[in-house]
$ cat run-v5.cif   # mmCIF, C-alpha atoms
data_work
#
loop_
_atom_site.group_PDB
_atom_site.id
_atom_site.type_symbol
_atom_site.label_atom_id
_atom_site.label_comp_id
_atom_site.auth_asym_id
_atom_site.auth_seq_id
_atom_site.Cartn_x
_atom_site.Cartn_y
_atom_site.Cartn_z
ATOM 1 C CA MET A 1 59.557 -107.835 97.583
ATOM 2 C CA ASN A 2 56.113 -106.314 97.369
ATOM 3 C CA PRO A 3 53.541 -108.913 96.179
ATOM 4 C CA ARG A 4 52.311 -106.602 93.426
ATOM 5 C CA ILE A 5 55.844 -106.091 92.105
ATOM 6 C CA ARG A 6 56.498 -109.838 92.339
ATOM 7 C CA LYS A 7 53.397 -110.573 90.266
ATOM 8 C CA LEU A 8 54.348 -107.935 87.698
ATOM 9 C CA VAL A 9 57.852 -109.400 87.351
ATOM 10 C CA GLY A 10 56.393 -112.907 87.127
ATOM 11 C CA MET A 11 53.893 -111.880 84.478
ATOM 12 C CA LEU A 12 56.613 -110.304 82.343
ATOM 13 C CA ALA A 13 58.804 -113.391 82.772
ATOM 14 C CA MET A 14 55.896 -115.607 81.692
ATOM 15 C CA LEU A 15 55.235 -113.526 78.584
ATOM 16 C CA ILE A 16 58.906 -113.604 77.584
ATOM 17 C CA PHE A 17 59.125 -117.351 78.226
ATOM 18 C CA LEU A 18 55.942 -118.071 76.244
ATOM 19 C CA PHE A 19 57.113 -115.980 73.301
ATOM 20 C CA PHE A 20 60.338 -117.961 72.988
ATOM 21 C CA TYR A 21 58.536 -121.256 73.698
ATOM 22 C CA VAL A 22 56.065 -120.670 70.859
ATOM 23 C CA VAL A 23 58.807 -119.626 68.441
ATOM 24 C CA LEU A 24 60.790 -122.766 69.281
ATOM 25 C CA ALA A 25 57.713 -125.024 69.100
ATOM 26 C CA VAL A 26 56.758 -123.706 65.659
ATOM 27 C CA ALA A 27 60.343 -124.008 64.400
ATOM 28 C CA ILE A 28 60.453 -127.636 65.518
ATOM 29 C CA ALA A 29 57.002 -128.331 64.052
ATOM 30 C CA ALA A 30 58.190 -127.144 60.647
ATOM 31 C CA ARG A 31 60.804 -129.922 60.646
ATOM 32 C CA LEU A 32 58.428 -132.758 61.558
ATOM 33 C CA PRO A 33 57.183 -135.274 58.990
ATOM 34 C CA ASP A 34 54.019 -134.182 57.201
ATOM 35 C CA HIS A 35 51.696 -136.718 58.812
ATOM 36 C CA PRO A 36 48.537 -135.789 60.738
ATOM 37 C CA ALA A 37 49.177 -138.247 63.576
ATOM 38 C CA VAL A 38 52.692 -136.890 64.158
ATOM 39 C CA SER A 39 51.418 -133.315 64.154
ATOM 40 C CA MET A 40 48.563 -134.136 66.509
ATOM 41 C CA LEU A 41 50.839 -135.942 68.969
ATOM 42 C CA TYR A 42 53.492 -133.208 68.820
ATOM 43 C CA PHE A 43 51.068 -130.346 69.387
ATOM 44 C CA ALA A 44 49.265 -132.254 72.154
ATOM 45 C CA ILE A 45 52.551 -132.685 74.025
ATOM 46 C CA VAL A 46 53.803 -129.162 73.335
ATOM 47 C CA GLY A 47 50.408 -127.690 74.235
ATOM 48 C CA VAL A 48 50.552 -129.218 77.712
ATOM 49 C CA ALA A 49 54.295 -129.058 78.383
ATOM 50 C CA TRP A 50 54.530 -125.257 78.436
ATOM 51 C CA GLY A 51 53.034 -125.155 81.924
ATOM 52 C CA VAL A 52 55.573 -127.428 83.601
ATOM 53 C CA PRO A 53 58.493 -124.944 83.602
ATOM 54 C CA LEU A 54 56.176 -122.224 84.895
ATOM 55 C CA PHE A 55 55.160 -124.034 88.117
ATOM 56 C CA PRO A 56 58.129 -122.690 90.150
ATOM 57 C CA LEU A 57 57.513 -119.165 88.854
ATOM 58 C CA LEU A 58 53.810 -119.345 89.710
ATOM 59 C CA SER A 59 54.534 -120.590 93.228
ATOM 60 C CA TRP A 60 57.090 -117.788 93.688
ATOM 61 C CA MET A 61 54.583 -115.198 92.461
ATOM 62 C CA ASN A 62 51.878 -116.379 94.864
ATOM 63 C CA ARG A 63 54.082 -116.877 97.909
ATOM 64 C CA GLU A 64 52.934 -114.961 100.972
ATOM 65 C CA PRO A 65 55.303 -112.200 102.097
ATOM 66 C CA LYS A 66 57.446 -113.046 105.111
ATOM 67 C CA PRO A 67 56.355 -111.233 108.273
ATOM 68 C CA LYS A 68 58.755 -108.554 109.457
ATOM 69 C CA GLY A 69 60.293 -109.024 112.825
#

$ encode --input "run-v5.cif" --output "structure tokens"
Amino acid sequence: MNPRIRKLVGMLAMLIFLFFYVVLAVAIAARLPDHPAVSMLYFAIVGVAWGVPLFPLLSWMNREPKPKG
């Protein structure tokens, strides 16, 4: 696959993933106890954890094309 096409597909996949991730994170946050420490801990974890599932996608997007032949 052409590297430009691969990056376009990866970018669209990231946007779709992040949309659903944010919707889910906010829905869960609405059900948490109303305490500042709980909110701070939850949003600190959720704010960092979104990147972990994207590591394989980012490595796929930036992979060098295989030489032909």

$ resolve_selection --input "run-v5.cif" --expression "the PyMOL selection byres ((chain A and resi 59-61) around 10)" --output "list of chain:residue names"
A:Pro3, A:Arg4, A:Ile5, A:Arg6, A:Lys7, A:Leu8, A:Val9, A:Gly10, A:Met11, A:Leu54, A:Phe55, A:Pro56, A:Leu57, A:Leu58, A:Asn62, A:Arg63, A:Glu64

$ atom_distance --input "run-v5.cif" --atom1 "atom CA of Ala44 of chain A" --atom2 "atom CA of Leu15 of chain A"
20.7 Å

$ atom_distance --input "run-v5.cif" --atom1 "atom CA of Phe19 of chain A" --atom2 "atom CA of Met40 of chain A"
21.2 Å

$ resolve_selection --input "run-v5.cif" --expression "the PyMOL selection byres ((chain A and resi 29) around 12)" --output "ChimeraX atom specification"
/A:22-28,30-36,38-46

$ atom_distance --input "run-v5.cif" --atom1 "atom CA of Leu12 of chain A" --atom2 "atom CA of Val52 of chain A"
17.2 Å

$ axis_aligned_box --input "run-v5.cif" --around "segment 22-27 of chain A" --padding-each-side "8 Å" --output "JSON"
{"center_x": 58.4, "center_y": -122.3, "center_z": 67.6, "size_x": 20.7, "size_y": 21.4, "size_z": 22.5}
